[in-house]
$ cat work11.csv   # CSV, C-alpha atoms
chain,number,residue,atom,x,y,z
A,210,MET,CA,42.6,210.6,138.4
A,211,ARG,CA,40.6,209.4,135.4
A,212,ALA,CA,40.3,205.8,134.2
A,213,GLY,CA,43.3,204.5,132.3
A,214,SER,CA,45.5,207.4,133.3
A,215,ALA,CA,48.3,205.3,135.0
A,216,LEU,CA,50.8,202.7,133.9
A,217,LEU,CA,51.6,199.7,136.1
A,218,ALA,CA,55.2,198.5,135.8
A,219,LEU,CA,56.7,195.4,137.5
A,220,ASP,CA,59.8,193.3,137.4
A,221,THR,CA,60.4,190.1,139.3
A,222,ALA,CA,63.5,188.8,137.4
A,223,THR,CA,65.8,189.3,140.5
A,224,GLN,CA,65.4,188.6,144.2
A,225,HIS,CA,64.1,192.2,144.8
A,226,ALA,CA,60.9,192.5,142.9
A,227,SER,CA,60.0,196.1,141.9
A,228,VAL,CA,56.5,197.5,141.3
A,229,ALA,CA,55.6,201.1,140.3
A,230,LEU,CA,52.5,203.2,139.3
A,231,VAL,CA,53.4,205.9,136.9
A,232,ALA,CA,51.2,208.7,135.5
A,233,ARG,CA,50.7,208.4,131.8
A,234,SER,CA,50.5,212.2,131.3
A,235,ASP,CA,53.9,213.2,132.6
A,236,GLY,CA,55.8,210.1,133.8
A,237,ARG,CA,55.4,211.1,137.4
A,238,VAL,CA,55.9,208.1,139.9
A,239,LEU,CA,52.7,207.9,141.9
A,240,ALA,CA,53.7,205.0,144.1
A,241,GLU,CA,56.4,202.3,144.1
A,242,THR,CA,57.8,199.5,146.2
A,243,SER,CA,60.7,197.1,146.2
A,244,ALA,CA,60.9,194.1,148.6
A,245,ARG,CA,62.2,190.6,149.2
A,246,PRO,CA,60.0,188.6,149.0
A,247,ILE,CA,57.0,190.3,147.6
A,248,SER,CA,53.3,189.2,147.0
A,249,LEU,CA,52.6,190.9,143.7
A,250,VAL,CA,48.9,191.1,144.0
A,251,ALA,CA,49.0,192.4,147.5
A,252,GLY,CA,51.8,194.8,146.6
A,253,ILE,CA,49.9,196.2,143.6
A,254,GLN,CA,46.8,196.7,145.7
A,255,ARG,CA,48.9,198.6,148.3
A,256,LEU,CA,50.3,200.9,145.6
A,257,LEU,CA,46.8,201.6,144.3
A,258,ASP,CA,45.6,202.4,147.9
A,259,GLU,CA,48.6,204.6,148.4
A,260,ALA,CA,47.9,206.5,145.2
A,261,GLU,CA,44.2,206.6,146.1
A,262,LEU,CA,43.4,204.9,142.7
A,263,GLY,CA,41.1,202.1,141.6
A,264,ALA,CA,42.2,199.3,139.3
A,265,ASP,CA,40.4,201.1,136.5
A,266,ALA,CA,43.1,203.8,136.6
A,267,ILE,CA,45.5,201.3,135.1
A,268,GLY,CA,45.6,202.0,131.3
A,269,ALA,CA,48.5,199.7,130.4
A,270,LEU,CA,51.2,197.5,131.9
A,271,VAL,CA,54.9,197.2,131.5
A,272,ALA,CA,56.7,194.0,132.6
A,273,GLY,CA,60.3,193.1,132.9
A,274,THR,CA,61.0,190.1,130.7
A,275,GLY,CA,64.3,189.0,132.3
A,276,PRO,CA,66.6,187.3,132.0
A,277,GLY,CA,66.7,186.3,135.7
A,278,SER,CA,65.3,183.8,138.1
A,279,TYR,CA,63.1,181.3,136.2
A,280,THR,CA,60.5,180.9,138.9
A,281,SER,CA,60.2,184.6,139.9
A,282,LEU,CA,60.2,185.7,136.3
A,283,ARG,CA,57.4,183.2,135.4
A,284,ILE,CA,55.3,184.4,138.3
A,285,GLY,CA,55.7,188.1,137.4
A,286,LEU,CA,54.8,187.6,133.8
A,287,ALA,CA,51.9,185.4,134.6
A,288,THR,CA,50.6,188.1,136.9
A,289,ALA,CA,51.1,190.8,134.3
A,290,ARG,CA,49.2,188.7,131.7
A,291,SER,CA,46.4,188.0,134.1
A,292,LEU,CA,46.0,191.6,135.0
A,293,ALA,CA,46.2,192.8,131.4
A,294,PHE,CA,43.5,190.3,130.3
A,295,SER,CA,41.2,191.1,133.3
A,296,LEU,CA,41.5,194.8,132.8
A,297,GLY,CA,41.4,194.7,129.1
A,298,VAL,CA,44.6,196.8,128.7
A,299,PRO,CA,47.7,196.4,126.5
A,300,VAL,CA,51.1,195.3,127.9
A,301,ALA,CA,54.7,195.9,126.9
A,302,GLY,CA,57.8,193.9,127.7
A,303,VAL,CA,61.1,195.4,128.7
A,304,SER,CA,64.5,193.7,129.1
A,305,THR,CA,65.5,193.6,132.8
A,306,LEU,CA,69.2,194.1,131.8
A,307,GLN,CA,68.3,197.2,129.8
A,308,ALA,CA,66.4,198.6,132.7
A,309,LEU,CA,69.4,198.0,135.0
A,310,ALA,CA,71.6,199.8,132.5
A,311,ALA,CA,69.1,202.7,132.3
A,312,GLY,CA,69.3,203.1,136.1
A,313,ALA,CA,73.1,203.1,136.1
A,314,PRO,CA,74.4,205.2,133.1
A,315,GLY,CA,77.9,204.2,132.1
A,316,ALA,CA,77.8,200.9,134.1
A,317,ARG,CA,77.5,197.3,132.8
A,318,PRO,CA,74.6,195.4,134.3
A,319,LEU,CA,75.0,191.8,135.5
A,320,ILE,CA,72.2,189.5,136.8
A,321,ASP,CA,73.1,186.4,138.7
A,322,ALA,CA,72.3,183.3,136.5
A,323,ARG,CA,73.6,180.8,139.1
A,324,ARG,CA,75.7,177.8,138.0
A,325,GLY,CA,78.7,180.2,138.2
A,326,GLU,CA,77.3,182.4,135.4
A,327,VAL,CA,75.8,185.8,134.9
A,328,PHE,CA,73.5,187.4,132.4
A,329,ALA,CA,75.0,190.4,130.7
A,330,LEU,CA,74.7,192.7,127.7
A,331,ALA,CA,77.3,192.2,125.0
A,332,PRO,CA,75.6,194.2,123.4
A,333,ASP,CA,72.7,191.7,123.2
A,334,PRO,CA,71.8,189.6,126.3
A,335,VAL,CA,74.1,186.7,126.9
A,336,CYS,CA,75.0,184.1,129.6
A,337,LEU,CA,78.6,183.7,130.5
A,338,ARG,CA,81.1,183.2,133.3
A,339,PRO,CA,82.2,186.3,135.2
A,340,GLY,CA,85.8,185.5,134.5
A,341,ASP,CA,85.1,185.7,130.7
A,342,MET,CA,83.8,189.3,130.9
A,343,GLY,CA,87.1,190.8,129.8
A,344,SER,CA,86.7,193.8,132.0
A,345,SER,CA,88.6,197.1,131.4
A,346,GLU,CA,90.4,198.8,134.2
A,347,GLY,CA,87.9,200.9,136.2
A,348,GLU,CA,84.8,199.6,134.4
A,349,VAL,CA,81.8,199.7,136.7
A,350,TYR,CA,79.4,196.7,137.1
A,351,VAL,CA,76.0,196.7,138.8
A,352,GLY,CA,73.3,194.2,139.6
A,353,ASN,CA,73.1,191.1,141.9
A,354,GLY,CA,75.5,189.3,139.5
A,355,ALA,CA,78.1,192.0,140.1
A,356,ILE,CA,77.7,191.7,143.9
A,357,ARG,CA,77.9,187.9,143.9
A,358,TYR,CA,81.1,187.8,141.8
A,359,ARG,CA,82.7,191.0,143.1
A,360,GLU,CA,86.0,189.3,143.8
A,361,THR,CA,86.3,187.9,140.3
A,362,LEU,CA,85.4,191.2,138.7
A,363,GLU,CA,87.6,193.3,140.9
A,364,ALA,CA,90.5,191.0,140.2
A,365,GLN,CA,90.1,192.0,136.5
A,366,GLY,CA,90.3,195.7,137.5
A,367,ALA,CA,86.6,196.3,137.5
A,368,VAL,CA,84.7,198.4,140.0
A,369,VAL,CA,81.6,197.1,141.9
A,370,PRO,CA,79.8,199.7,144.1
A,371,PRO,CA,78.8,198.7,147.7
A,372,ALA,CA,76.0,196.2,148.0
A,373,ASP,CA,73.6,198.8,149.3
A,374,ASP,CA,74.1,201.1,146.2
A,375,VAL,CA,70.6,201.7,144.6
A,376,ARG,CA,72.1,201.0,141.1
A,377,HIS,CA,72.2,197.3,141.9
A,378,ARG,CA,68.4,197.1,142.1
A,379,VAL,CA,65.9,197.1,139.2
A,380,ASN,CA,63.6,200.1,139.3
A,381,ALA,CA,60.3,199.2,137.6
A,382,ALA,CA,59.5,202.9,137.1
A,383,LEU,CA,62.3,203.1,134.5
A,384,HIS,CA,60.5,200.4,132.5
A,385,VAL,CA,57.9,202.9,131.4
A,386,THR,CA,60.6,205.1,129.7
A,387,LEU,CA,62.0,202.0,127.9
A,388,ALA,CA,58.6,200.6,126.7
A,389,SER,CA,57.9,201.0,123.1
A,390,GLU,CA,55.5,198.4,121.6
A,391,PHE,CA,52.3,197.7,123.5
A,392,GLY,CA,50.1,194.8,122.5
A,393,ASP,CA,48.1,191.8,123.6
A,394,ALA,CA,49.2,190.1,126.8
A,395,SER,CA,49.6,186.7,125.0
A,396,ALA,CA,52.6,188.2,123.2
A,397,LEU,CA,54.5,188.8,126.5
A,398,MET,CA,57.3,186.4,126.5
A,399,PRO,CA,60.2,185.8,129.0
A,400,ALA,CA,63.9,186.0,127.9
A,401,TYR,CA,65.3,182.9,129.7
A,402,LEU,CA,68.5,182.7,127.6
A,403,ARG,CA,69.1,179.2,129.1
A,404,VAL,CA,67.2,176.0,129.8
A,405,PRO,CA,65.7,176.1,133.4
A,406,ASP,CA,67.4,174.0,136.0
A,407,ALA,CA,64.4,171.6,136.3
A,408,GLU,CA,64.2,171.0,132.6
A,409,ARG,CA,68.0,170.5,132.4
A,410,THR,CA,67.8,167.9,135.2
A,411,ARG,CA,65.0,166.0,133.4
A,412,LYS,CA,67.2,165.8,130.2
A,413,GLU,CA,70.3,164.7,132.1
A,414,PHE,CA,68.5,162.2,134.3
A,415,PRO,CA,65.4,161.0,132.4
A,416,VAL,CA,62.8,159.0,134.4
A,417,GLY,CA,61.6,155.7,132.9
$ encode --input "work11.csv" --output "structure tokens"
Amino acid sequence: MRAGSALLALDTATQHASVALVARSDGRVLAETSARPISLVAGIQRLLDEAELGADAIGALVAGTGPGSYTSLRIGLATARSLAFSLGVPVAGVSTLQALAAGAPGARPLIDARRGEVFALAPDPVCLRPGDMGSSEGEVYVGNGAIRYRETLEAQGAVVPPADDVRHRVNAALHVTLASEFGDASALMPAYLRVPDAERTRKEFPVG
């Protein structure tokens, strides 16, 4: 495969990081992996080895921008920026919630936000409590937020597929189909939606 002929997509916003190599010509998935936990650099190298490609085959990157776990998201985006700079390739950001929705047509994606809250699309990304979803009878929810708050959602008449249903996991390969604007890695920004726990603690309990 010629240089720059593959796209590298990754998403670390949830506990199951997803990484995929996709052919730029036809969108074919060349290699992919999803694991908990995952070493991104080692995982990316394994995918390149599996696809029998060198790093120069990566012509662009697509990264999930969250919302999700602050630490995991930060690591993923830092890795994407570093790779984009070192390879000299453009990068695009894709909403993790939008990617979850793309992998489960007709379902509503929920990502666990901790503190008794979830990240959802309404239709823009928001952070709220599961009990405030206002679910319709039979409405389907997917994602780790749906699994964690299954009891609350089902009490509202919603449907949450079994925990092992693939619709609950982010598929980085779908990010490529959602990516639109590619640019400099410095423009890649996370969608936290909420102040990180560490910063919140410092504000509530200042030192000195």
$ atom_distance --input "work11.csv" --atom1 "CA of Ala222 in chain A" --atom2 "CA of Gly352 in chain A"
11.4 Å
$ atom_distance --input "work11.csv" --atom1 "CA of Leu306 in chain A" --atom2 "CA of Val238 in chain A"
20.9 Å
$ closest_residue --input "work11.csv" --among "A:Val349, A:Glu326, A:Gly285, A:Gln365" --to "Ala218 in chain A" --atoms "only C-alpha atoms"
A:Gly285
$ closest_residue --input "work11.csv" --among "A:Gly275, A:Gly392, A:Gly354, A:Gly213" --to "Ala322 in chain A" --atoms "all atoms listed in the file"
A:Gly354
$ closest_residue --input "work11.csv" --among "A:Leu319, A:Val303, A:Val250, A:Leu383" --to "Ala400 in chain A" --atoms "all atoms listed in the file"
A:Val303
$ residues_around --input "work11.csv" --residues "Pro339 in chain A" --least-positions-apart "4" --cutoff "10 Å" --atoms "all atoms listed in the file" --output "PyMOL selection string"
chain A and resi 319+321+325-329+343-344+354-355+357-362+365
$ closest_residue --input "work11.csv" --among "A:Ala287, A:Pro276, A:Gly297, A:Asp373" --to "Leu330 in chain A" --atoms "only C-alpha atoms"
A:Pro276
$ atom_distance --input "work11.csv" --atom1 "CA of Ile253 in chain A" --atom2 "CA of Arg283 in chain A"
17.1 Å
$ closest_residue --input "work11.csv" --among "A:Thr274, A:Thr386, A:Gly366, A:Gly315" --to "Arg233 in chain A" --atoms "all atoms listed in the file"
A:Thr386
$ residues_around --input "work11.csv" --residues "Ala244 in chain A" --least-positions-apart "3" --cutoff "10 Å" --atoms "all atoms listed in the file" --output "ChimeraX atom specification"
/A:224-228,247-248,252
$ closest_residue --input "work11.csv" --among "A:Tyr279, A:Ser214, A:Pro318, A:Asp393" --to "Ser295 in chain A" --atoms "only C-alpha atoms"
A:Asp393
$ residues_around --input "work11.csv" --residues "Ala396 in chain A" --least-positions-apart "4" --cutoff "10 Å" --atoms "all atoms listed in the file" --output "ChimeraX atom specification"
/A:290,300-302,391-392
$ write_last_selection --input "work11.csv" --atoms "C-alpha atoms" --output "PDB file, in the frame of the given file"
ATOM      1  CA  ARG A 290      49.200 188.700 131.700  1.00  0.00           C
ATOM      2  CA  VAL A 300      51.100 195.300 127.900  1.00  0.00           C
ATOM      3  CA  ALA A 301      54.700 195.900 126.900  1.00  0.00           C
ATOM      4  CA  GLY A 302      57.800 193.900 127.700  1.00  0.00           C
ATOM      5  CA  PHE A 391      52.300 197.700 123.500  1.00  0.00           C
ATOM      6  CA  GLY A 392      50.100 194.800 122.500  1.00  0.00           C
TER       7      GLY A 392
END
$ residues_around --input "work11.csv" --residues "Pro314 in chain A" --least-positions-apart "4" --cutoff "12 Å" --atoms "only C-alpha atoms" --output "list in words"
Gln307, Ala308, Leu309, Ala310, Pro318, Glu348, Val349, Tyr350, Val351 and Arg376 of chain A
$ decode --input "work11.csv" --residues "range 363-400 of chain A" --atoms "N, CA, C and O atoms" --output "mmCIF file, in the first residue's frame"
data_model
loop_
_atom_site.group_PDB
_atom_site.id
_atom_site.type_symbol
_atom_site.label_atom_id
_atom_site.label_comp_id
_atom_site.auth_asym_id
_atom_site.auth_seq_id
_atom_site.Cartn_x
_atom_site.Cartn_y
_atom_site.Cartn_z
ATOM 1 N N GLU A 363 -34.902 1.640 32.460
ATOM 2 C CA GLU A 363 -35.963 0.669 32.217
ATOM 3 C C GLU A 363 -37.205 0.980 33.040
ATOM 4 O O GLU A 363 -38.332 0.662 32.613
ATOM 5 N N ALA A 364 -37.016 1.621 34.187
ATOM 6 C CA ALA A 364 -38.167 2.022 35.002
ATOM 7 C C ALA A 364 -38.985 3.099 34.287
ATOM 8 O O ALA A 364 -40.179 3.272 34.569
ATOM 9 N N GLN A 365 -38.352 3.796 33.335
ATOM 10 C CA GLN A 365 -39.044 4.823 32.553
ATOM 11 C C GLN A 365 -39.625 4.254 31.260
ATOM 12 O O GLN A 365 -40.195 4.991 30.453
ATOM 13 N N GLY A 366 -39.472 2.942 31.080
ATOM 14 C CA GLY A 366 -40.010 2.306 29.890
ATOM 15 C C GLY A 366 -39.012 2.141 28.762
ATOM 16 O O GLY A 366 -39.364 1.668 27.669
ATOM 17 N N ALA A 367 -37.756 2.542 28.996
ATOM 18 C CA ALA A 367 -36.732 2.435 27.967
ATOM 19 C C ALA A 367 -36.214 1.004 27.849
ATOM 20 O O ALA A 367 -36.446 0.171 28.733
ATOM 21 N N VAL A 368 -35.507 0.726 26.767
ATOM 22 C CA VAL A 368 -34.915 -0.585 26.515
ATOM 23 C C VAL A 368 -33.396 -0.432 26.472
ATOM 24 O O VAL A 368 -32.868 0.434 25.770
ATOM 25 N N VAL A 369 -32.696 -1.266 27.244
ATOM 26 C CA VAL A 369 -31.237 -1.287 27.242
ATOM 27 C C VAL A 369 -30.794 -2.686 26.829
ATOM 28 O O VAL A 369 -31.077 -3.656 27.532
ATOM 29 N N PRO A 370 -30.115 -2.833 25.675
ATOM 30 C CA PRO A 370 -29.674 -4.163 25.219
ATOM 31 C C PRO A 370 -28.738 -4.810 26.233
ATOM 32 O O PRO A 370 -28.173 -4.122 27.102
ATOM 33 N N PRO A 371 -28.540 -6.131 26.159
ATOM 34 C CA PRO A 371 -27.605 -6.823 27.056
ATOM 35 C C PRO A 371 -26.225 -6.179 27.025
ATOM 36 O O PRO A 371 -25.826 -5.593 26.009
ATOM 37 N N ALA A 372 -25.496 -6.292 28.121
ATOM 38 C CA ALA A 372 -24.211 -5.617 28.261
ATOM 39 C C ALA A 372 -23.196 -6.016 27.201
ATOM 40 O O ALA A 372 -22.298 -5.238 26.873
ATOM 41 N N ASP A 373 -23.318 -7.227 26.654
ATOM 42 C CA ASP A 373 -22.355 -7.682 25.655
ATOM 43 C C ASP A 373 -22.748 -7.299 24.225
ATOM 44 O O ASP A 373 -22.071 -7.674 23.269
ATOM 45 N N ASP A 374 -23.817 -6.540 24.064
ATOM 46 C CA ASP A 374 -24.241 -6.090 22.738
ATOM 47 C C ASP A 374 -23.188 -5.119 22.172
ATOM 48 O O ASP A 374 -22.768 -4.185 22.860
ATOM 49 N N VAL A 375 -22.762 -5.336 20.939
ATOM 50 C CA VAL A 375 -21.689 -4.521 20.349
ATOM 51 C C VAL A 375 -22.074 -3.055 20.213
ATOM 52 O O VAL A 375 -21.196 -2.189 20.105
ATOM 53 N N ARG A 376 -23.367 -2.751 20.237
ATOM 54 C CA ARG A 376 -23.797 -1.360 20.107
ATOM 55 C C ARG A 376 -23.398 -0.504 21.295
ATOM 56 O O ARG A 376 -23.403 0.732 21.208
ATOM 57 N N HIS A 377 -23.025 -1.127 22.395
ATOM 58 C CA HIS A 377 -22.617 -0.373 23.573
ATOM 59 C C HIS A 377 -21.194 0.161 23.450
ATOM 60 O O HIS A 377 -20.786 1.017 24.240
ATOM 61 N N ARG A 378 -20.423 -0.348 22.508
ATOM 62 C CA ARG A 378 -19.016 0.038 22.391
ATOM 63 C C ARG A 378 -18.776 0.976 21.217
ATOM 64 O O ARG A 378 -19.387 0.851 20.165
ATOM 65 N N VAL A 379 -17.854 1.896 21.427
ATOM 66 C CA VAL A 379 -17.465 2.819 20.367
ATOM 67 C C VAL A 379 -16.640 2.061 19.336
ATOM 68 O O VAL A 379 -15.741 1.291 19.679
ATOM 69 N N ASN A 380 -16.951 2.268 18.060
ATOM 70 C CA ASN A 380 -16.208 1.648 16.969
ATOM 71 C C ASN A 380 -15.465 2.747 16.218
ATOM 72 O O ASN A 380 -16.060 3.516 15.466
ATOM 73 N N ALA A 381 -14.149 2.830 16.417
ATOM 74 C CA ALA A 381 -13.361 3.913 15.826
ATOM 75 C C ALA A 381 -13.427 3.923 14.304
ATOM 76 O O ALA A 381 -13.278 4.980 13.683
ATOM 77 N N ALA A 382 -13.660 2.769 13.686
ATOM 78 C CA ALA A 382 -13.729 2.716 12.225
ATOM 79 C C ALA A 382 -14.856 3.611 11.701
ATOM 80 O O ALA A 382 -14.757 4.171 10.599
ATOM 81 N N LEU A 383 -15.925 3.780 12.487
ATOM 82 C CA LEU A 383 -17.040 4.633 12.070
ATOM 83 C C LEU A 383 -16.661 6.108 12.079
ATOM 84 O O LEU A 383 -17.307 6.918 11.404
ATOM 85 N N HIS A 384 -15.639 6.468 12.841
ATOM 86 C CA HIS A 384 -15.231 7.864 12.911
ATOM 87 C C HIS A 384 -14.842 8.391 11.539
ATOM 88 O O HIS A 384 -15.035 9.572 11.230
ATOM 89 N N VAL A 385 -14.269 7.513 10.726
ATOM 90 C CA VAL A 385 -13.816 7.931 9.402
ATOM 91 C C VAL A 385 -14.995 8.409 8.555
ATOM 92 O O VAL A 385 -14.885 9.392 7.818
ATOM 93 N N THR A 386 -16.133 7.739 8.659
ATOM 94 C CA THR A 386 -17.305 8.131 7.878
ATOM 95 C C THR A 386 -17.915 9.432 8.392
ATOM 96 O O THR A 386 -18.640 10.104 7.658
ATOM 97 N N LEU A 387 -17.643 9.781 9.654
ATOM 98 C CA LEU A 387 -18.208 10.992 10.251
ATOM 99 C C LEU A 387 -17.286 12.199 10.133
ATOM 100 O O LEU A 387 -17.730 13.339 10.292
ATOM 101 N N ALA A 388 -16.006 11.955 9.877
ATOM 102 C CA ALA A 388 -15.031 13.044 9.817
ATOM 103 C C ALA A 388 -15.297 13.945 8.613
ATOM 104 O O ALA A 388 -15.600 13.460 7.519
ATOM 105 N N SER A 389 -15.179 15.247 8.829
ATOM 106 C CA SER A 389 -15.423 16.182 7.735
ATOM 107 C C SER A 389 -14.277 17.182 7.556
ATOM 108 O O SER A 389 -13.707 17.292 6.480
ATOM 109 N N GLU A 390 -13.936 17.878 8.633
ATOM 110 C CA GLU A 390 -12.912 18.909 8.522
ATOM 111 C C GLU A 390 -11.580 18.429 9.087
ATOM 112 O O GLU A 390 -11.445 18.213 10.289
ATOM 113 N N PHE A 391 -10.606 18.269 8.207
ATOM 114 C CA PHE A 391 -9.260 17.897 8.626
ATOM 115 C C PHE A 391 -8.399 19.151 8.689
ATOM 116 O O PHE A 391 -8.517 20.040 7.842
ATOM 117 N N GLY A 392 -7.541 19.216 9.710
ATOM 118 C CA GLY A 392 -6.685 20.374 9.841
ATOM 119 C C GLY A 392 -5.487 20.096 10.717
ATOM 120 O O GLY A 392 -5.130 18.939 10.965
ATOM 121 N N ASP A 393 -4.886 21.170 11.211
ATOM 122 C CA ASP A 393 -3.696 21.052 12.044
ATOM 123 C C ASP A 393 -4.041 20.405 13.385
ATOM 124 O O ASP A 393 -5.114 20.625 13.944
ATOM 125 N N ALA A 394 -3.096 19.617 13.894
ATOM 126 C CA ALA A 394 -3.322 18.889 15.148
ATOM 127 C C ALA A 394 -3.575 19.820 16.325
ATOM 128 O O ALA A 394 -4.248 19.445 17.285
ATOM 129 N N SER A 395 -3.051 21.033 16.272
ATOM 130 C CA SER A 395 -3.223 21.970 17.390
ATOM 131 C C SER A 395 -4.684 22.369 17.577
ATOM 132 O O SER A 395 -5.074 22.845 18.643
ATOM 133 N N ALA A 396 -5.498 22.175 16.544
ATOM 134 C CA ALA A 396 -6.912 22.548 16.618
ATOM 135 C C ALA A 396 -7.781 21.444 17.211
ATOM 136 O O ALA A 396 -8.973 21.635 17.434
ATOM 137 N N LEU A 397 -7.190 20.283 17.462
ATOM 138 C CA LEU A 397 -7.948 19.152 18.013
ATOM 139 C C LEU A 397 -8.228 19.389 19.489
ATOM 140 O O LEU A 397 -7.334 19.391 20.320
ATOM 141 N N MET A 398 -9.492 19.584 19.830
ATOM 142 C CA MET A 398 -9.871 19.929 21.200
ATOM 143 C C MET A 398 -10.887 18.941 21.772
ATOM 144 O O MET A 398 -11.769 18.464 21.070
ATOM 145 N N PRO A 399 -10.773 18.635 23.065
ATOM 146 C CA PRO A 399 -11.720 17.717 23.715
ATOM 147 C C PRO A 399 -13.042 18.401 24.046
ATOM 148 O O PRO A 399 -13.099 19.612 24.241
ATOM 149 N N ALA A 400 -14.115 17.615 24.099
ATOM 150 C CA ALA A 400 -15.426 18.112 24.507
ATOM 151 C C ALA A 400 -15.703 17.568 25.906
ATOM 152 O O ALA A 400 -16.319 16.516 26.068
#
